[in-house]
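What's in model_24.txt: compact mmCIF, C-alpha atoms
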```txt
# COMPACT_ATOMS: atom_id res chain seq x y z
CA MET A 1 18.79 -45.90 -10.09
CA PRO A 2 15.33 -47.40 -10.67
CA ASP A 3 14.30 -48.19 -14.21
CA THR A 4 12.17 -45.64 -16.04
CA ILE A 5 8.88 -46.93 -17.40
CA ALA A 6 6.43 -45.14 -19.66
CA VAL A 7 2.81 -45.77 -18.67
CA ALA A 8 0.24 -45.60 -21.45
CA MET A 9 -2.50 -43.65 -19.69
CA SER A 10 -5.92 -43.74 -21.33
CA GLY A 11 -7.74 -41.99 -18.50
CA GLY A 12 -9.48 -45.19 -17.43
CA VAL A 13 -9.26 -47.12 -14.18
CA ASP A 14 -6.99 -49.88 -15.55
CA SER A 15 -4.10 -47.76 -16.82
CA SER A 16 -4.41 -45.41 -13.85
CA THR A 17 -4.11 -48.35 -11.46
CA VAL A 18 -1.05 -49.57 -13.36
CA ALA A 19 0.59 -46.19 -12.77
CA ALA A 20 -0.27 -46.34 -9.06
CA LEU A 21 1.08 -49.90 -8.75
CA LEU A 22 4.39 -49.10 -10.42
CA LYS A 23 4.77 -45.88 -8.46
CA ARG A 24 4.31 -47.88 -5.25
CA GLU A 25 7.03 -50.30 -6.42
CA GLY A 26 9.51 -47.47 -6.77
CA TYR A 27 9.86 -47.09 -10.53
CA ASN A 28 10.52 -43.79 -12.23
CA LEU A 29 7.40 -43.19 -14.30
CA ILE A 30 6.42 -41.04 -17.23
CA GLY A 31 2.75 -40.87 -18.14
CA LEU A 32 1.95 -40.80 -21.87
CA THR A 33 -1.41 -40.40 -23.56
CA LEU A 34 -1.77 -40.93 -27.29
CA GLN A 35 -4.02 -38.35 -28.92
CA LEU A 36 -5.40 -40.42 -31.78
CA TRP A 37 -8.69 -38.98 -32.95
CA ASP A 38 -10.49 -35.64 -32.68
CA GLN A 39 -13.96 -36.62 -31.46
CA ARG A 40 -15.38 -33.35 -32.82
CA ARG A 41 -13.83 -33.76 -36.25
CA LEU A 42 -16.94 -35.02 -38.08
CA ALA A 43 -19.41 -32.87 -36.14
CA GLY A 44 -21.93 -31.33 -38.49
CA HIS A 45 -22.03 -34.30 -40.83
CA GLU A 46 -25.38 -36.06 -40.93
CA GLY A 47 -25.94 -38.25 -37.90
CA MET A 48 -22.68 -37.30 -36.16
CA PRO A 49 -22.83 -35.71 -32.67
CA GLU A 50 -21.34 -32.31 -31.92
CA ALA A 51 -19.26 -33.77 -29.08
CA VAL A 52 -18.53 -37.18 -27.64
CA GLN A 53 -17.81 -37.83 -23.98
CA GLY A 54 -16.72 -40.78 -21.89
CA ARG A 55 -14.72 -42.74 -24.45
CA CYS A 56 -11.13 -43.48 -25.32
CA CYS A 57 -9.44 -40.49 -27.01
CA SER A 58 -11.99 -38.02 -25.69
CA ILE A 59 -11.02 -34.74 -24.03
CA ASP A 60 -12.51 -36.09 -20.79
CA ASP A 61 -10.13 -39.02 -20.85
CA VAL A 62 -7.08 -36.84 -21.42
CA TYR A 63 -8.22 -34.66 -18.53
CA ASP A 64 -8.65 -37.69 -16.25
CA ALA A 65 -5.24 -39.09 -17.20
CA ARG A 66 -3.57 -35.76 -16.49
CA ARG A 67 -5.27 -35.45 -13.10
CA VAL A 68 -4.14 -38.97 -12.09
CA ALA A 69 -0.57 -38.21 -13.16
CA GLU A 70 -0.64 -35.02 -11.08
CA GLN A 71 -2.02 -36.95 -8.11
CA LEU A 72 0.79 -39.51 -8.39
CA GLY A 73 3.42 -36.84 -8.94
CA ILE A 74 4.72 -38.15 -12.25
CA PRO A 75 5.53 -36.20 -15.43
CA TYR A 76 2.83 -36.44 -18.08
CA TYR A 77 2.72 -35.79 -21.80
CA VAL A 78 0.14 -36.02 -24.57
CA VAL A 79 1.61 -37.37 -27.80
CA ASN A 80 -0.24 -36.51 -30.99
CA HIS A 81 -0.42 -39.41 -33.42
CA GLN A 82 -3.67 -38.52 -35.15
CA ARG A 83 -2.15 -38.67 -38.64
CA ARG A 84 -0.64 -42.10 -38.06
CA PHE A 85 -3.87 -43.37 -36.47
CA GLU A 86 -5.88 -42.27 -39.46
CA GLN A 87 -3.41 -43.85 -41.88
CA ASP A 88 -2.96 -47.18 -40.09
CA VAL A 89 -6.32 -47.68 -38.36
CA VAL A 90 -9.16 -45.50 -39.65
CA GLN A 91 -8.49 -45.76 -43.37
CA PRO A 92 -7.99 -49.56 -43.31
CA PHE A 93 -11.20 -49.83 -41.26
CA VAL A 94 -13.12 -47.85 -43.88
CA ASN A 95 -11.62 -49.73 -46.82
CA GLU A 96 -12.23 -53.14 -45.24
CA TYR A 97 -15.91 -52.42 -44.60
CA LEU A 98 -16.40 -51.08 -48.11
CA ALA A 99 -14.81 -54.29 -49.41
CA GLY A 100 -17.30 -56.46 -47.51
CA ARG A 101 -15.04 -57.50 -44.64
CA THR A 102 -15.39 -56.88 -40.89
CA PRO A 103 -12.21 -55.33 -39.46
CA ILE A 104 -10.87 -55.07 -35.90
CA PRO A 105 -9.42 -51.57 -35.45
CA CYS A 106 -8.30 -52.18 -31.84
CA THR A 107 -5.79 -54.80 -32.97
CA LEU A 108 -4.40 -52.49 -35.66
CA CYS A 109 -4.09 -49.74 -33.06
CA ASN A 110 -2.11 -52.00 -30.75
CA ASN A 111 0.19 -53.14 -33.57
CA HIS A 112 0.86 -49.76 -35.15
CA LEU A 113 0.42 -47.22 -32.35
CA LYS A 114 0.38 -48.45 -28.74
CA PHE A 115 3.24 -50.91 -29.08
CA ASP A 116 5.07 -49.29 -31.98
CA GLN A 117 4.96 -45.49 -31.95
CA LEU A 118 4.43 -45.33 -28.19
CA LEU A 119 7.42 -47.58 -27.57
CA LEU A 120 9.51 -45.43 -29.92
CA THR A 121 8.47 -42.31 -28.00
CA ALA A 122 9.24 -44.02 -24.69
CA ARG A 123 12.75 -44.87 -25.82
CA GLN A 124 13.34 -41.30 -26.99
CA ILE A 125 12.58 -39.97 -23.51
CA GLY A 126 14.67 -42.55 -21.69
CA ALA A 127 12.09 -45.20 -20.74
CA HIS A 128 13.07 -48.80 -21.40
CA LYS A 129 9.57 -50.30 -21.24
CA VAL A 130 5.93 -49.40 -21.78
CA ALA A 131 3.30 -50.47 -19.25
CA THR A 132 -0.38 -50.67 -20.17
CA GLY A 133 -3.65 -51.65 -18.53
CA HIS A 134 -4.25 -54.63 -20.80
CA TYR A 135 -5.37 -57.86 -19.17
CA ALA A 136 -2.68 -60.26 -20.35
CA ARG A 137 0.65 -61.58 -19.17
CA VAL A 138 4.11 -61.63 -20.74
CA LEU A 139 7.20 -63.57 -19.72
CA PHE A 140 10.40 -64.94 -21.22
CA ASP A 141 10.77 -68.71 -21.68
CA GLU A 142 14.45 -69.68 -21.96
CA THR A 143 13.57 -73.20 -23.09
CA ALA A 144 11.39 -72.18 -26.06
CA ASP A 145 12.48 -72.34 -29.69
CA ALA A 146 15.07 -75.10 -29.17
CA GLY A 147 16.71 -73.28 -26.28
CA ARG A 148 17.02 -69.93 -28.05
CA GLY A 149 14.21 -68.56 -25.90
CA ARG A 150 11.09 -66.58 -26.74
CA TRP A 151 8.88 -63.99 -25.14
CA LEU A 152 5.45 -65.47 -24.46
CA LEU A 153 2.06 -63.80 -24.38
CA LYS A 154 -0.24 -65.53 -21.91
CA ARG A 155 -3.89 -65.28 -20.98
CA PRO A 156 -4.62 -63.32 -17.77
CA ALA A 157 -6.02 -64.43 -14.43
CA ASP A 158 -9.29 -62.62 -15.23
CA THR A 159 -10.49 -64.61 -18.23
CA ALA A 160 -13.60 -62.42 -18.49
CA LYS A 161 -11.31 -59.45 -19.27
CA ASP A 162 -8.84 -61.38 -21.45
CA GLN A 163 -7.39 -58.98 -24.05
CA SER A 164 -4.80 -61.30 -25.54
CA TYR A 165 -7.01 -61.53 -28.65
CA PHE A 166 -6.18 -57.91 -29.46
CA LEU A 167 -2.45 -58.34 -28.80
CA PHE A 168 -1.62 -61.27 -31.09
CA GLY A 169 0.27 -59.02 -33.52
CA LEU A 170 2.98 -58.00 -31.05
CA THR A 171 6.53 -58.84 -32.11
CA GLN A 172 9.19 -60.39 -29.92
CA ASP A 173 10.85 -56.99 -29.47
CA GLN A 174 7.56 -55.34 -28.51
CA LEU A 175 6.76 -58.09 -25.99
CA ALA A 176 10.26 -57.78 -24.52
CA HIS A 177 9.60 -54.11 -23.76
CA SER A 178 5.97 -54.38 -22.58
CA LEU A 179 4.58 -54.70 -19.07
CA PHE A 180 1.03 -55.82 -18.21
CA PRO A 181 0.86 -55.37 -14.43
CA LEU A 182 -2.83 -56.33 -14.26
CA GLY A 183 -2.27 -59.77 -15.76
CA ASN A 184 -2.49 -61.54 -12.41
CA MET A 185 -5.41 -59.48 -11.08
CA VAL A 186 -9.17 -59.58 -11.57
CA LYS A 187 -11.23 -56.48 -12.24
CA PRO A 188 -12.77 -56.14 -8.75
CA GLU A 189 -9.23 -56.15 -7.29
CA VAL A 190 -8.20 -53.42 -9.71
CA ARG A 191 -11.12 -51.18 -8.75
CA ALA A 192 -10.50 -51.85 -5.04
CA LEU A 193 -6.85 -50.87 -5.43
CA ALA A 194 -7.82 -47.73 -7.35
CA GLU A 195 -10.22 -46.83 -4.56
CA ALA A 196 -7.57 -47.47 -1.89
CA GLU A 197 -5.23 -45.14 -3.79
CA ASN A 198 -8.02 -42.53 -3.96
CA LEU A 199 -7.79 -42.39 -7.74
CA ARG A 200 -10.49 -40.16 -9.20
CA VAL A 201 -11.29 -42.78 -11.86
CA ALA A 202 -11.81 -45.70 -9.44
CA HIS A 203 -15.46 -46.09 -10.44
CA LYS A 204 -15.28 -44.80 -14.00
CA PRO A 205 -17.16 -47.13 -16.41
CA ASP A 206 -15.13 -49.09 -18.95
CA SER A 207 -15.22 -47.98 -22.57
CA GLN A 208 -16.90 -50.63 -24.71
CA GLU A 209 -16.98 -49.00 -28.12
CA ILE A 210 -14.60 -48.35 -30.99
CA CYS A 211 -13.10 -45.01 -30.02
CA PHE A 212 -13.78 -43.14 -33.27
CA ILE A 213 -17.32 -44.41 -33.92
CA PRO A 214 -19.97 -42.69 -31.77
CA GLY A 215 -22.65 -45.05 -30.55
CA GLY A 216 -21.15 -47.94 -32.50
CA ASP A 217 -22.93 -46.70 -35.65
CA TYR A 218 -20.27 -47.53 -38.21
CA LYS A 219 -22.57 -46.94 -41.20
CA THR A 220 -23.12 -43.31 -40.22
CA PHE A 221 -19.40 -42.93 -39.56
CA LEU A 222 -18.52 -44.35 -42.99
CA ALA A 223 -20.84 -41.90 -44.73
CA ALA A 224 -19.55 -38.93 -42.72
CA TYR A 225 -15.88 -39.82 -43.20
CA LEU A 226 -16.23 -40.33 -46.95
CA ASP A 227 -18.14 -37.05 -47.24
CA GLU A 228 -15.37 -35.23 -45.37
CA GLN A 229 -12.81 -36.76 -47.72
CA GLY A 230 -14.80 -35.66 -50.76
CA ARG A 231 -15.46 -39.26 -51.70
CA ASP A 232 -18.78 -40.70 -52.72
CA MET A 233 -20.10 -43.83 -51.06
CA PRO A 234 -19.35 -46.53 -53.66
CA ASP A 235 -22.38 -48.03 -55.35
CA THR A 236 -22.24 -51.66 -54.28
CA ALA A 237 -25.98 -52.37 -54.48
CA GLY A 238 -26.73 -55.85 -55.72
CA ASP A 239 -28.51 -59.12 -55.17
CA LEU A 240 -29.21 -61.30 -52.19
CA VAL A 241 -28.55 -64.86 -53.31
CA THR A 242 -28.72 -68.33 -51.83
CA PRO A 243 -25.59 -70.51 -51.77
CA ASP A 244 -26.67 -72.10 -55.08
CA GLY A 245 -26.95 -68.68 -56.75
CA GLU A 246 -30.72 -68.16 -56.68
CA VAL A 247 -31.60 -64.46 -56.46
CA VAL A 248 -33.99 -64.02 -53.52
CA GLY A 249 -33.74 -60.30 -52.82
CA ALA A 250 -31.84 -57.04 -53.30
CA HIS A 251 -29.67 -54.80 -51.14
CA ASP A 252 -28.34 -51.24 -51.33
CA GLY A 253 -24.69 -51.85 -50.45
CA ILE A 254 -22.43 -54.62 -49.16
CA HIS A 255 -21.12 -52.38 -46.37
CA HIS A 256 -24.48 -52.80 -44.63
CA PHE A 257 -23.77 -56.47 -43.96
CA THR A 258 -21.45 -58.76 -42.04
CA VAL A 259 -21.35 -62.54 -41.79
CA GLY A 260 -23.82 -63.87 -39.23
CA GLN A 261 -26.10 -60.84 -39.45
CA LYS A 262 -29.85 -61.39 -39.22
CA LYS A 263 -31.12 -57.84 -38.84
CA GLY A 264 -32.26 -56.23 -42.08
CA VAL A 265 -32.15 -59.39 -44.18
CA GLN A 266 -35.74 -60.61 -44.05
CA GLN A 267 -37.33 -57.37 -45.25
CA ARG A 268 -35.04 -57.29 -48.29
CA LEU A 269 -36.22 -60.68 -49.57
CA HIS A 270 -38.53 -60.75 -52.60
CA ALA A 271 -40.77 -63.40 -51.01
CA HIS A 272 -41.70 -64.20 -47.43
CA HIS A 273 -39.72 -66.96 -45.75
CA SER A 274 -41.03 -68.31 -42.46
CA THR A 275 -37.51 -69.33 -41.41
CA PRO A 276 -35.13 -66.39 -40.76
CA PHE A 277 -32.29 -65.86 -43.20
CA TYR A 278 -28.79 -64.82 -42.15
CA VAL A 279 -25.80 -63.41 -44.00
CA LEU A 280 -23.61 -66.37 -44.94
CA GLY A 281 -21.02 -64.53 -46.97
CA ILE A 282 -20.23 -61.47 -49.08
CA GLU A 283 -18.98 -61.54 -52.67
CA PRO A 284 -17.62 -58.02 -53.27
CA ALA A 285 -16.53 -58.70 -56.87
CA LYS A 286 -20.19 -59.29 -57.79
CA ASN A 287 -21.79 -57.05 -55.13
CA ARG A 288 -23.67 -60.11 -53.90
CA VAL A 289 -24.64 -61.02 -50.36
CA VAL A 290 -25.14 -64.73 -49.79
CA VAL A 291 -28.00 -65.52 -47.40
CA GLY A 292 -29.58 -68.64 -46.00
CA GLU A 293 -30.84 -70.43 -42.93
CA GLU A 294 -28.85 -70.46 -39.68
CA PRO A 295 -27.40 -73.99 -39.92
CA LEU A 296 -25.55 -72.93 -43.08
CA LEU A 297 -23.57 -70.39 -41.01
CA HIS A 298 -21.54 -73.19 -39.45
CA ALA A 299 -18.28 -74.37 -41.03
CA ARG A 300 -15.37 -76.58 -40.03
CA THR A 301 -12.62 -74.97 -42.11
CA ALA A 302 -11.11 -71.51 -42.48
CA THR A 303 -7.93 -69.96 -43.83
CA ALA A 304 -5.83 -67.12 -42.45
CA ASP A 305 -2.92 -65.01 -43.64
CA ARG A 306 -0.77 -62.09 -42.39
CA LEU A 307 0.37 -64.35 -39.60
CA ASN A 308 2.34 -63.49 -36.47
CA TRP A 309 3.85 -66.25 -34.33
CA ILE A 310 4.64 -65.74 -30.66
CA SER A 311 5.33 -68.99 -28.79
CA ILE A 312 6.82 -70.56 -31.94
CA SER A 313 9.04 -69.06 -34.63
CA ASP A 314 7.05 -70.57 -37.49
CA LEU A 315 4.46 -73.25 -38.25
CA ARG A 316 6.16 -76.05 -40.15
CA GLU A 317 3.80 -78.94 -39.46
CA PRO A 318 0.21 -79.46 -38.26
CA MET A 319 -0.39 -78.35 -34.67
CA ARG A 320 -3.24 -78.92 -32.25
CA ILE A 321 -4.51 -75.69 -30.69
CA LEU A 322 -7.59 -73.89 -29.44
CA ALA A 323 -8.73 -71.28 -31.98
CA LYS A 324 -10.61 -68.08 -31.15
CA ILE A 325 -12.22 -66.44 -34.20
CA ARG A 326 -13.66 -63.28 -32.59
CA HIS A 327 -13.35 -61.50 -29.28
CA ARG A 328 -16.43 -63.11 -27.67
CA HIS A 329 -15.85 -66.55 -29.19
CA GLU A 330 -15.08 -69.46 -26.89
CA PRO A 331 -11.80 -70.98 -28.13
CA ALA A 332 -12.52 -74.23 -29.96
CA PRO A 333 -10.32 -77.30 -30.54
CA ALA A 334 -8.74 -77.30 -33.98
CA THR A 335 -5.70 -78.23 -36.02
CA ILE A 336 -3.72 -75.62 -37.90
CA ARG A 337 -1.58 -76.60 -40.87
CA PRO A 338 0.71 -74.53 -43.13
CA LEU A 339 -0.29 -73.74 -46.70
CA GLY A 340 1.71 -71.97 -49.38
CA ASP A 341 2.02 -68.19 -49.68
CA SER A 342 2.29 -67.65 -45.90
CA GLN A 343 -1.21 -68.92 -45.21
CA ILE A 344 -2.59 -71.53 -42.87
CA GLN A 345 -5.67 -73.70 -42.79
CA ILE A 346 -7.72 -74.08 -39.63
CA ASP A 347 -9.62 -77.35 -39.29
CA PHE A 348 -12.06 -77.28 -36.37
CA ASP A 349 -13.16 -80.44 -34.60
CA GLU A 350 -16.73 -79.13 -34.62
CA PRO A 351 -18.41 -76.62 -36.97
CA GLN A 352 -18.09 -73.00 -35.85
CA ARG A 353 -20.68 -70.27 -36.36
CA ALA A 354 -20.08 -67.21 -38.55
CA ILE A 355 -16.40 -67.43 -39.51
CA THR A 356 -15.99 -63.84 -40.70
CA PRO A 357 -13.41 -62.52 -43.19
CA GLY A 358 -11.54 -59.53 -41.76
CA GLN A 359 -11.68 -60.79 -38.18
CA ALA A 360 -8.66 -62.27 -36.45
CA ALA A 361 -8.06 -65.91 -35.56
CA ILE A 362 -5.93 -66.43 -32.44
CA PHE A 363 -4.39 -69.75 -31.45
CA PHE A 364 -3.81 -70.93 -27.89
CA SER A 365 -1.86 -73.79 -26.38
CA GLY A 366 -2.89 -73.88 -22.76
CA GLU A 367 -2.45 -70.32 -21.46
CA ASN A 368 0.03 -69.38 -24.20
CA VAL A 369 -0.83 -67.45 -27.35
CA VAL A 370 0.76 -69.46 -30.13
CA GLY A 371 0.08 -66.74 -32.68
CA GLY A 372 -2.65 -65.56 -34.97
CA GLY A 373 -3.64 -64.17 -38.34
CA TRP A 374 -6.47 -62.57 -40.29
CA LEU A 375 -9.34 -64.64 -41.61
CA ARG A 376 -9.73 -64.65 -45.38
```
Conversion result in structure tokens:
Amino acid sequence: MPDTIAVAMSGGVDSSTVAALLKREGYNLIGLTLQLWDQRRLAGHEGMPEAVQGRCCSIDDVYDARRVAEQLGIPYYVVNHQRRFEQDVVQPFVNEYLAGRTPIPCTLCNNHLKFDQLLLTARQIGAHKVATGHYARVLFDETADAGRGRWLLKRPADTAKDQSYFLFGLTQDQLAHSLFPLGNMVKPEVRALAEAENLRVAHKPDSQEICFIPGGDYKTFLAAYLDEQGRDMPDTAGDLVTPDGEVVGAHDGIHHFTVGQKKGVQQRLHAHHSTPFYVLGIEPAKNRVVVGEEPLLHARTATADRLNWISISDLREPMRILAKIRHRHEPAPATIRPLGDSQIQIDFDEPQRAITPGQAAIFFSGENVVGGGWLR
């Protein structure tokens, strides 16, 4: 009897094509969609739309996923994990921004929902693996870890769509039960296959935004969410200071800023500066935002914690890698070395721009993801 695989169906072209591919290969499939966020929940709060269409978690996406499942003749279920999503993704996102850091909710969603709760649900209904439309590859290396073997996460054939950055938190057990059928394909091939299968979503645009933040306006979302929760926006107004502590301006809240930001800085300065100032850092304990000229944004060293190792079991000695410090960052040569308290230091060969606390740092050796952690 063919293996049963649960397909995480988001309603987009990638996951729909995965379902079509696996159906063609003869697997028993069950389509699952995670209902994570009610897009109409904050409607009526200032700046929030009455309805949101064309994004992950929207009603349109659930409808598209259901239609594809019907077309392929596979059973389909919507699994409600809104409470868990709010607890493990939305609330940490809000708290991180209010603390002056810049979080990555998509990685938290993968760690806590898509490859945790979804895998648990899949097992409960008799599926032994979960397949998704992520662009990445996974395989087992029997020779790794002194012959004990390890599951490896590898970069995909389509480097422009590489999503391994958002998957660095997956455990060995999660990788062992995950399938990424698009890992060896490029996006035009995926759309062509979807078209050949007459999938209704073959030409559906990709979602580019955080699913629960309409228009990417996180400041409006923060205000609306806190208002719904009966919480006041914390008063974190304070000074704009240079790296040597000189007060050069004022701001109305640290949540308005992220490292590397230029917009909104110049007009908050007390005096005119002909050279643009950027956000260099945030000091939440003092409600201070450190600003300065662009060259000061570059640094050679960073630290990371909350580490997860994939191709190795642990980092015991310095290791040469390529480090990626945000999704659109070109991986840069560096050395990682262990520190105490489950932290590591990253020493780049060349200074890197805007190393941002709250973002993830991912480490590559060739095509393999060595592991990653969260920048401090």
With all atoms listed in the file as the basis for distance, which of A:Ala304, A:Ala196, A:Ala176, A:Ala19 is at the shortest distance from Gly149 (chain A)?
A:Ala176
For region 182-194 of chain A, find every residue with an atom within 6 Å (counting only C-alpha atoms), except residues of its own chain fewer than 6 positions away, and show them as number ranges by chain.
A: 17, 135-137, 156-158, 202
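Taking all atoms listed in the file into account, the residues near (0.5, -48.9, -12.3), no farther than 9 Å, are Val7, Asp14, Ser15, Ser16, Thr17, Val18, Ala19, Ala20, Leu21, Leu22, Lys23, Arg24, Glu25, Ala131, Thr132, Gly133, Pro181 and Leu182 of chain A.
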Quick one, how far is CA of Thr102 (chain A) from CA of Val291 (chain A)?
16.6 Å
Surrounding residues of Thr107 (chain A) excluding itself and chain neighbours under 3 positions, 7 Å, all atoms listed in the file, as a list in words:
Ile104, Asn110, Asn111, Phe166 and Leu167 of chain A
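The nearest approach to His273 (chain A) among the residues A:Leu153, A:Val290, A:Gly147, A:Val248, with only C-alpha atoms taken into account, belongs to A:Val248.
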